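Structure first, then comments.
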Amino acid sequence: KYSLDDLRDIRNFYSSFNNSPYTFRGFHRQTGDFAEAKIMACISGSLTHYILKVCDNNVLLDVNELSALNGVATYIPRDCFSAFLTLEPNTTVIYLTDADYSPNHSQGIRWDDPLLNQVLSITKPLHLSSRDKNFPDYDS
């Protein structure tokens, strides 16, 4: 089990505003020296948050409901992927990270990647970035 001891000093504060419900962002993580631990919370609207760890092609998944009303925050260890699906219009997510973002150290898994079939079934999101649509099949 992970603990917040894995979190180094907070380096960045980000926000993500999402106009539309059923917007999907993720699965993302940073690798190498830029691997980051995160704390995520929803300050308006609501979402389903997915935390994913891949170990020898076994997939471990943690699913949490975050909303402005429930005040729940999640911790994402640096070796895990993170994704969310908005459930309401005008959903805002904030997150703190302990490393700087590096596009060259970014890794992602597509929402419908065959690797996820064993643990996850998401109806095709209505809104998905071209980056998130075009991740290749995951190859550990």
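Identifiers in this document derive from the order of the structure tokens: chains are assigned A, B, ..., residues are numbered from 1 separately in each chain, and ligands are numbered from 1 in order of occurrence.
Across chain A, DSSP run on the backbone finds helix (DSSP H, G or I) at Leu4, Asp5, Asp6, Gly32, Asp33, Phe34, Pro103, Asn104, His105, Pro114, Leu115, Leu116, Asn117, Gln118, Ser130, Arg131, Asp132 and Lys133 of chain A.
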For this session: Tell me which protein, DNA and RNA residues are within 10 Å of Ile43 (chain A), counting only C-alpha atoms, leaving out same-chain ones fewer than 3 positions away, and put them as a ChimeraX atom specification.
Result: /A:15,17,40,46,66-73,91-94
Keeping C-alpha atoms, export the residues of the selection given above as a tab-separated table (two decimals), in the first residue's frame.
```tsv
chain	number	residue	atom	x	y	z
A	15	SER	CA	-6.44	22.98	-12.82
A	17	PHE	CA	-11.87	23.00	-16.47
A	40	MET	CA	-6.32	15.43	-7.06
A	46	SER	CA	-18.28	15.72	-10.28
A	66	LEU	CA	-14.84	13.01	-6.61
A	67	SER	CA	-17.17	15.98	-6.38
A	68	ALA	CA	-17.39	19.48	-5.02
A	69	LEU	CA	-20.03	18.18	-2.61
A	70	ASN	CA	-18.23	15.15	-1.19
A	71	GLY	CA	-14.84	16.88	-0.79
A	72	VAL	CA	-12.92	13.66	-1.49
A	73	ALA	CA	-9.33	13.97	-2.74
A	91	THR	CA	-16.43	20.27	-13.76
A	92	THR	CA	-13.14	21.64	-12.46
A	93	VAL	CA	-10.32	19.43	-11.21
A	94	ILE	CA	-7.28	20.67	-9.32
```
Problem set entry | Shell of 12 Å around Asp132 (chain A), only C-alpha atoms, local chain residues under 6 positions omitted, as a ChimeraX atom specification | /A:23-28,83-84,106-113,125
Problem set entry | Residue set, chain A restricted to strand (DSSP E or B), as a PyMOL selection string | chain A and resi 12-18+23-30+38-44+46-55+58-67+73-76+81-86+91-97+106-108+127-128
Exercise. To one decimal place, how far is CA of Asn57 (chain A) from CA of Asp79 (chain A) in Å?
Worked result: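 Separation of CA of Asn57 (chain A) and CA of Asp79 (chain A): 14.0 Å.
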Problem set entry | Interatomic distance, CA of His105 (chain A) to CA of Val59 (chain A) (Å, one decimal) |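 One can read the CA of His105 (chain A) to CA of Val59 (chain A) distance as 21.2 Å.
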Exercise. Of the residues A:Tyr50, A:Tyr138, A:Phe13, A:Tyr101, which is the one nearest to Ile76 (chain A), using only C-alpha atoms?
Worked result: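 Result for the nearest residue to Ile76 (chain A): A:Tyr50.
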Exercise. Between CA of Glu65 (chain A) and CA of His49 (chain A), what is the spacing in Å?
Worked result: 6.1 Å
Taking only C-alpha atoms into account, produce a table as a tab-separated table in which each residue of region 41-95 of chain A with an atom at most 10 Å from an atom of region 115-123 of chain A appears once, together with its shortest atom pair and the distance in Å to one decimal, ordered by chain and rising number.
```
residue	atom	partner	partner_atom	distance
A:Tyr50	CA	A:Leu120	CA	9.6
A:Leu52	CA	A:Leu116	CA	9.4
A:Val54	CA	A:Leu115	CA	9.2
A:Asn57	CA	A:Leu115	CA	7.5
A:Asn58	CA	A:Leu115	CA	8.6
A:Val59	CA	A:Val119	CA	7.0
A:Leu60	CA	A:Val119	CA	7.7
A:Leu61	CA	A:Val119	CA	6.9
A:Asp62	CA	A:Val119	CA	9.8
A:Val63	CA	A:Leu120	CA	9.9
A:Leu85	CA	A:Ile122	CA	9.2
```
Could you save those same residues with N, CA and C atoms as an mmCIF file, in the first residue's frame?
```
data_model
loop_
_atom_site.group_PDB
_atom_site.id
_atom_site.type_symbol
_atom_site.label_atom_id
_atom_site.label_comp_id
_atom_site.auth_asym_id
_atom_site.auth_seq_id
_atom_site.Cartn_x
_atom_site.Cartn_y
_atom_site.Cartn_z
ATOM 1 N N TYR A 50 -9.987 7.413 -11.993
ATOM 2 C CA TYR A 50 -9.398 6.079 -12.140
ATOM 3 C C TYR A 50 -7.899 6.175 -11.877
ATOM 4 N N LEU A 52 -4.603 3.670 -12.001
ATOM 5 C CA LEU A 52 -4.272 2.403 -12.639
ATOM 6 C C LEU A 52 -2.796 2.092 -12.460
ATOM 7 N N VAL A 54 0.050 -0.930 -13.614
ATOM 8 C CA VAL A 54 0.311 -2.099 -14.451
ATOM 9 C C VAL A 54 1.565 -2.786 -13.919
ATOM 10 N N ASN A 57 1.852 -6.918 -16.809
ATOM 11 C CA ASN A 57 0.600 -7.029 -17.556
ATOM 12 C C ASN A 57 -0.612 -7.380 -16.700
ATOM 13 N N ASN A 58 -0.462 -7.331 -15.376
ATOM 14 C CA ASN A 58 -1.621 -7.377 -14.486
ATOM 15 C C ASN A 58 -2.017 -5.939 -14.212
ATOM 16 N N VAL A 59 -3.295 -5.692 -14.210
ATOM 17 C CA VAL A 59 -3.784 -4.336 -14.054
ATOM 18 C C VAL A 59 -4.524 -4.210 -12.719
ATOM 19 N N LEU A 60 -4.105 -3.255 -11.911
ATOM 20 C CA LEU A 60 -4.766 -2.946 -10.654
ATOM 21 C C LEU A 60 -5.466 -1.610 -10.823
ATOM 22 N N LEU A 61 -6.730 -1.549 -10.443
ATOM 23 C CA LEU A 61 -7.520 -0.350 -10.663
ATOM 24 C C LEU A 61 -8.213 0.085 -9.389
ATOM 25 N N ASP A 62 -8.143 1.381 -9.113
ATOM 26 C CA ASP A 62 -8.868 1.982 -7.998
ATOM 27 C C ASP A 62 -9.778 3.045 -8.597
ATOM 28 N N VAL A 63 -11.054 3.025 -8.236
ATOM 29 C CA VAL A 63 -12.036 3.959 -8.794
ATOM 30 C C VAL A 63 -12.654 4.752 -7.649
ATOM 31 N N LEU A 85 -13.326 10.852 -15.778
ATOM 32 C CA LEU A 85 -14.486 11.041 -16.636
ATOM 33 C C LEU A 85 -15.426 11.989 -15.920
#
```
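Shortest separation to Ala37 (chain A) among A:Pro21, A:Asp98, A:Asp56, A:Phe81 occurs at residue A:Asp98, atoms counted being only C-alpha atoms.
Comparing A:Ile51, A:Asn104, A:Lys38, A:Ser44 by their smallest distance to Tyr75 (chain A), the closest is A:Lys38 (using only C-alpha atoms).
By chain and then residue number, the residues within 9 Å of Pro89 (chain A) are Asn18, Asn19, Ser20, Pro21, Tyr22, Gly45 and Ser46 of chain A, counting only C-alpha atoms and disregarding those fewer than 6 positions away in sequence.
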For this session: With a distance cut-off of 10 Å and only C-alpha atoms, select the neighbouring residues of Asp33 (chain A), excluding the residue or stretch itself and same-chain residues fewer than 5 positions from it, and output the selection as an NGL selection string.
Result: :A and (99-100 or 102 or 105)
Write to file, as a tab-separated table (two decimals), in the first residue's frame, the residues of the selection just made, with N, CA and C atoms.
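Saved file result-v5.tsv follows:
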```
chain	number	residue	atom	x	y	z
A	99	ALA	N	6.65	17.01	-9.24
A	99	ALA	CA	7.69	17.06	-10.27
A	99	ALA	C	7.19	17.94	-11.42
A	100	ASP	N	8.12	18.47	-12.18
A	100	ASP	CA	7.75	19.30	-13.32
A	100	ASP	C	7.36	18.43	-14.50
A	102	SER	N	7.21	17.06	-18.21
A	102	SER	CA	8.12	16.92	-19.34
A	102	SER	C	7.43	16.13	-20.43
A	105	HIS	N	8.73	12.74	-21.28
A	105	HIS	CA	8.62	11.68	-20.28
A	105	HIS	C	7.16	11.34	-19.98
```
Problem set entry | Counting only C-alpha atoms, the option among A:Thr74, A:Gln30, A:Ile39, A:Leu87 closest to His127 (chain A) |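 Using only C-alpha atoms, His127 (chain A) sits closest to A:Leu87.
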